[in-house]
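Listing of run-v4.txt; format and content: compact mmCIF, C-alpha atoms.
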# COMPACT_ATOMS: atom_id res chain seq x y z
CA LEU A 1 -50.33 -23.94 -82.67
CA ALA A 2 -49.07 -24.17 -79.06
CA PHE A 3 -48.19 -27.85 -79.48
CA GLU A 4 -46.24 -27.15 -82.66
CA MET A 5 -44.27 -24.37 -80.94
CA CYS A 6 -43.10 -26.79 -78.23
CA ASN A 7 -39.56 -28.01 -78.54
CA GLU A 8 -37.91 -30.99 -76.93
CA MET A 9 -37.77 -30.51 -73.16
CA ASP A 10 -40.30 -27.62 -73.15
CA ILE A 11 -43.17 -27.68 -70.68
CA LEU A 12 -46.57 -26.66 -71.98
CA VAL A 13 -48.60 -24.68 -69.42
CA ALA A 14 -52.26 -24.36 -70.42
CA SER A 15 -54.99 -22.39 -68.71
CA SER A 16 -58.42 -24.00 -69.02
CA VAL A 17 -61.93 -22.56 -69.12
CA GLY A 18 -62.67 -24.52 -65.97
CA PRO A 19 -61.14 -27.10 -63.63
CA TRP A 20 -63.47 -29.90 -64.70
CA GLU A 21 -63.16 -29.23 -68.44
CA SER A 22 -60.88 -31.56 -70.36
CA ILE A 23 -58.18 -29.87 -72.40
CA GLY A 24 -57.37 -33.12 -74.19
CA GLY A 25 -56.45 -36.75 -73.99
CA ASP A 26 -54.73 -39.62 -75.73
CA ILE A 27 -54.90 -38.43 -79.33
CA LYS A 28 -54.28 -34.73 -78.74
CA PHE A 29 -51.35 -35.32 -76.39
CA LEU A 30 -49.78 -37.89 -78.71
CA ARG A 31 -48.35 -34.85 -80.50
CA LEU A 32 -46.65 -33.70 -77.30
CA LYS A 33 -45.14 -37.17 -76.94
CA GLN A 34 -43.86 -36.97 -80.52
CA LYS A 35 -42.36 -33.55 -79.80
CA GLN A 36 -40.67 -35.05 -76.69
CA VAL A 37 -41.90 -32.35 -74.34
CA ALA A 38 -40.77 -32.38 -70.73
CA GLY A 39 -44.27 -31.99 -69.32
CA LEU A 40 -47.77 -30.56 -69.36
CA VAL A 41 -49.33 -28.37 -66.65
CA THR A 42 -52.97 -27.29 -66.69
CA ASP A 43 -55.63 -26.08 -64.30
CA GLY A 44 -58.14 -28.08 -66.35
CA SER A 45 -58.65 -31.81 -66.60
CA VAL A 46 -57.26 -34.47 -68.94
CA ARG A 47 -58.77 -37.64 -70.38
CA ASP A 48 -57.36 -41.09 -71.11
CA SER A 49 -54.97 -40.99 -68.15
CA ASN A 50 -54.10 -44.68 -68.45
CA VAL A 51 -52.68 -44.05 -71.94
CA LEU A 52 -51.11 -40.71 -70.99
CA GLU A 53 -49.07 -42.47 -68.29
CA THR A 54 -47.24 -44.33 -71.06
CA TYR A 55 -46.26 -41.16 -72.93
CA GLY A 56 -43.09 -40.56 -70.93
CA PHE A 57 -43.69 -37.04 -69.67
CA PRO A 58 -45.36 -35.84 -66.46
CA ILE A 59 -48.82 -34.34 -66.61
CA PHE A 60 -50.07 -32.11 -63.82
CA SER A 61 -53.78 -31.36 -64.05
CA HIS A 62 -56.65 -30.37 -61.78
CA SER A 63 -58.16 -33.81 -62.32
CA THR A 64 -58.84 -36.56 -64.80
CA THR A 65 -62.20 -36.95 -66.43
CA ALA A 66 -64.07 -39.06 -68.96
CA LYS A 67 -65.88 -35.95 -70.18
CA GLN A 68 -64.79 -34.37 -73.43
CA GLY A 69 -63.99 -30.68 -73.15
CA PRO A 70 -66.07 -27.95 -74.76
CA ALA A 71 -65.67 -27.28 -78.46
CA THR A 72 -65.16 -23.60 -77.64
CA MET A 73 -61.91 -24.22 -75.77
CA ILE A 74 -59.49 -23.10 -78.42
CA PRO A 75 -56.21 -21.33 -77.83
CA TRP A 76 -56.77 -17.62 -77.48
CA GLY A 77 -53.10 -16.85 -77.07
CA VAL A 78 -49.75 -18.55 -77.28
CA ASN A 79 -46.55 -17.58 -75.45
CA GLU A 80 -48.39 -14.95 -73.46
CA ILE A 81 -48.69 -14.26 -69.75
CA ILE A 82 -51.47 -16.45 -68.33
CA SER A 83 -53.05 -17.37 -65.03
CA CYS A 84 -52.99 -21.11 -64.38
CA ALA A 85 -54.77 -22.15 -61.17
CA GLY A 86 -54.48 -18.55 -60.01
CA VAL A 87 -50.71 -18.42 -60.54
CA LEU A 88 -49.13 -15.96 -62.96
CA VAL A 89 -47.05 -17.78 -65.60
CA ARG A 90 -44.83 -15.94 -68.07
CA PRO A 91 -42.98 -17.36 -71.06
CA GLY A 92 -39.50 -18.28 -69.82
CA ASP A 93 -40.53 -18.99 -66.23
CA VAL A 94 -39.20 -22.24 -64.78
CA VAL A 95 -41.71 -24.99 -64.01
CA VAL A 96 -40.74 -27.43 -61.26
CA GLY A 97 -42.95 -30.41 -60.47
CA ASP A 98 -42.89 -33.61 -58.47
CA ASP A 99 -45.41 -35.96 -56.89
CA ASP A 100 -46.60 -33.15 -54.61
CA GLY A 101 -47.42 -30.65 -57.35
CA VAL A 102 -45.97 -27.83 -59.39
CA ILE A 103 -44.43 -24.45 -58.69
CA ILE A 104 -43.65 -21.66 -61.11
CA VAL A 105 -40.40 -19.77 -60.59
CA PRO A 106 -40.16 -16.38 -62.30
CA HIS A 107 -37.16 -16.29 -64.61
CA SER A 108 -35.74 -13.32 -62.69
CA MET A 109 -35.76 -15.34 -59.44
CA ILE A 110 -34.18 -18.60 -60.63
CA GLU A 111 -30.79 -18.16 -58.94
CA THR A 112 -32.28 -16.97 -55.64
CA VAL A 113 -34.86 -19.77 -55.48
CA LEU A 114 -32.26 -22.40 -56.41
CA LYS A 115 -29.95 -21.21 -53.62
CA ILE A 116 -32.77 -21.24 -51.05
CA ALA A 117 -33.99 -24.67 -52.18
CA GLN A 118 -30.51 -26.21 -52.02
CA GLU A 119 -29.94 -24.78 -48.55
CA ARG A 120 -33.29 -26.04 -47.33
CA GLU A 121 -32.63 -29.54 -48.73
CA GLU A 122 -29.30 -29.62 -46.91
CA ILE A 123 -30.84 -28.45 -43.62
CA GLU A 124 -33.71 -30.95 -43.88
CA GLY A 125 -31.18 -33.72 -44.55
CA ILE A 126 -29.35 -32.78 -41.35
CA ILE A 127 -32.64 -32.72 -39.40
CA LYS A 128 -33.74 -36.11 -40.75
CA GLU A 129 -30.37 -37.68 -39.99
CA GLU A 130 -30.56 -36.34 -36.42
CA LEU A 131 -34.12 -37.61 -35.91
CA GLU A 132 -33.17 -41.05 -37.24
CA ARG A 133 -30.22 -41.21 -34.83
CA ASN A 134 -32.06 -39.65 -31.89
CA PRO A 135 -35.83 -40.20 -32.28
CA SER A 136 -37.77 -37.22 -31.01
CA SER A 137 -40.43 -34.78 -32.13
CA PRO A 138 -39.57 -32.91 -35.33
CA GLY A 139 -41.30 -29.94 -33.73
CA LYS A 140 -38.09 -29.02 -31.94
CA PHE A 141 -36.65 -28.04 -35.34
CA TYR A 142 -39.79 -26.83 -37.13
CA PRO A 143 -41.07 -24.60 -38.43
CA PHE A 144 -37.95 -22.80 -39.50
CA SER A 145 -37.31 -19.83 -41.71
CA THR A 146 -34.24 -17.82 -42.48
CA PRO A 147 -32.49 -16.36 -40.72
CA ILE A 148 -32.53 -19.24 -38.24
CA ALA A 149 -32.73 -17.98 -34.67
CA SER A 150 -29.23 -18.35 -33.19
CA ASN A 151 -30.56 -19.67 -29.85
CA SER A 152 -32.78 -22.38 -31.40
CA ASP A 153 -32.32 -26.15 -31.27
CA LEU A 154 -31.91 -26.08 -35.03
CA ALA A 155 -29.10 -23.51 -34.89
CA GLU A 156 -27.32 -25.63 -32.29
CA LEU A 157 -27.69 -28.76 -34.44
CA LEU A 158 -26.42 -26.96 -37.56
CA ARG A 159 -23.40 -25.60 -35.66
CA LYS A 160 -22.55 -29.15 -34.50
CA LYS A 161 -22.74 -30.36 -38.10
CA GLY A 162 -20.58 -27.49 -39.41
CA PHE A 163 -23.38 -26.03 -41.54
CA LYS A 164 -22.69 -22.48 -42.70
Could you take the file, read its structure, and then write that structure out as structure tokens?
Amino acid sequence: LAFEMCNEMDILVASSVGPWESIGGDIKFLRLKQKQVAGLVTDGSVRDSNVLETYGFPIFSHSTTAKQGPATMIPWGVNEIISCAGVLVRPGDVVVGDDDGVIIVPHSMIETVLKIAQEREEIEGIIKEELERNPSSPGKFYPFSTPIASNSDLAELLRKKGFK
């Protein structure tokens, strides 16, 4: 049922009965490929990873395994609040993933998180550019949090670059 409810560009987030239990593989996830989902996130494991890599959507799982999952792992709920790897996930939350992992952004926090992320990317770009031009320890700029201390090396660098 959950697979059939997925639309193009949806991300399916599935809580497993355990991190080493497979929630599916090649044949089961072929349906997600056909539905053109944007991704799959689970705190369980997946099988047939070599085939899944060809399906064209990212899969974030606890691990891969050759072991078939238990027959008792059937969906108990769809489009409900779940815990996936200890993180609360609600229908409508935004899922962001890259090579380092996945975060869940509550729908009510999307604008705030986007603003913070964009600002951080800009600041880190300035720091990297400075360290490439003037090799030194990144520790003089890290760790940083907002508000940035006005007397810090980072604040001085940002002022020189016209960062507001």
> Counting all atoms listed in the file, which residues come within 10 Å of (-59.7, -41.9, -71.7), with the point read in the file's coordinates, and could you list them as a list of chain:residue names?
Replying inline: A:Gly24, A:Gly25, A:Asp26, A:Ile27, A:Val46, A:Arg47, A:Asp48, A:Ser49, A:Asn50, A:Val51, A:Leu52, A:Thr64, A:Thr65, A:Ala66, A:Lys67, A:Gln68
> At what distance in Å, to one decimal, does atom CA of Glu111 of chain A lie from atom CA of Ile148 of chain A?
Replying inline: 20.8 Å
> Pick from A:Asn134, A:Ser150, A:Gln118, A:Thr42: nearest to Ser83 of chain A, with only C-alpha atoms counted?
Replying inline: A:Thr42
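Candidate residues A:Leu32, A:Val105, A:Ala14, A:Val113 were compared for distance to Gly44 of chain A, and the nearest is A:Ala14, using all atoms listed in the file.
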> What does the distance from atom CA of Asn79 of chain A to atom CA of Asp10 of chain A come to in Å, to one decimal?
Replying inline: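 Rounded to one decimal, the two atoms are 12.0 Å apart.
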> For Lys160 of chain A, which residue out of A:Leu131, A:Val17, A:Ala85, A:Ile126 is the nearest one, using all atoms listed in the file?
Replying inline: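 With all atoms listed in the file as the atom set, the closest residue is A:Ile126.
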> In Å, how far is it from atom CA of Asp93 of chain A to atom CA of Ala2 of chain A?
Replying inline: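 These atoms are spaced 16.3 Å apart.
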>> Between A:Phe163, A:Phe29, A:Val89, A:Val78, which residue has the minimum interatomic distance to Gly125 of chain A, considering all atoms listed in the file?
In response: A:Phe163
> Any idea what's packed within 12 Å of Glu130 of chain A, counting only C-alpha atoms, ignoring anything in its chain fewer than 6 positions away? Could you give it as number ranges by chain?
Replying inline: A: 123-124, 136-138, 140-141, 153-154, 156-158, 160-161
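With distances restricted to all atoms listed in the file, A:Val13 is the closest residue to Leu88 of chain A from A:Ile59, A:Val13, A:Ile127, A:Ile110.
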> Nearest to Glu80 of chain A: which of A:Leu12, A:Val37, A:Ala149, A:Met109 is it, counting all atoms listed in the file?
Replying inline: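 Going through A:Leu12, A:Val37, A:Ala149, A:Met109 one by one, the smallest distance to Glu80 of chain A is for A:Leu12.
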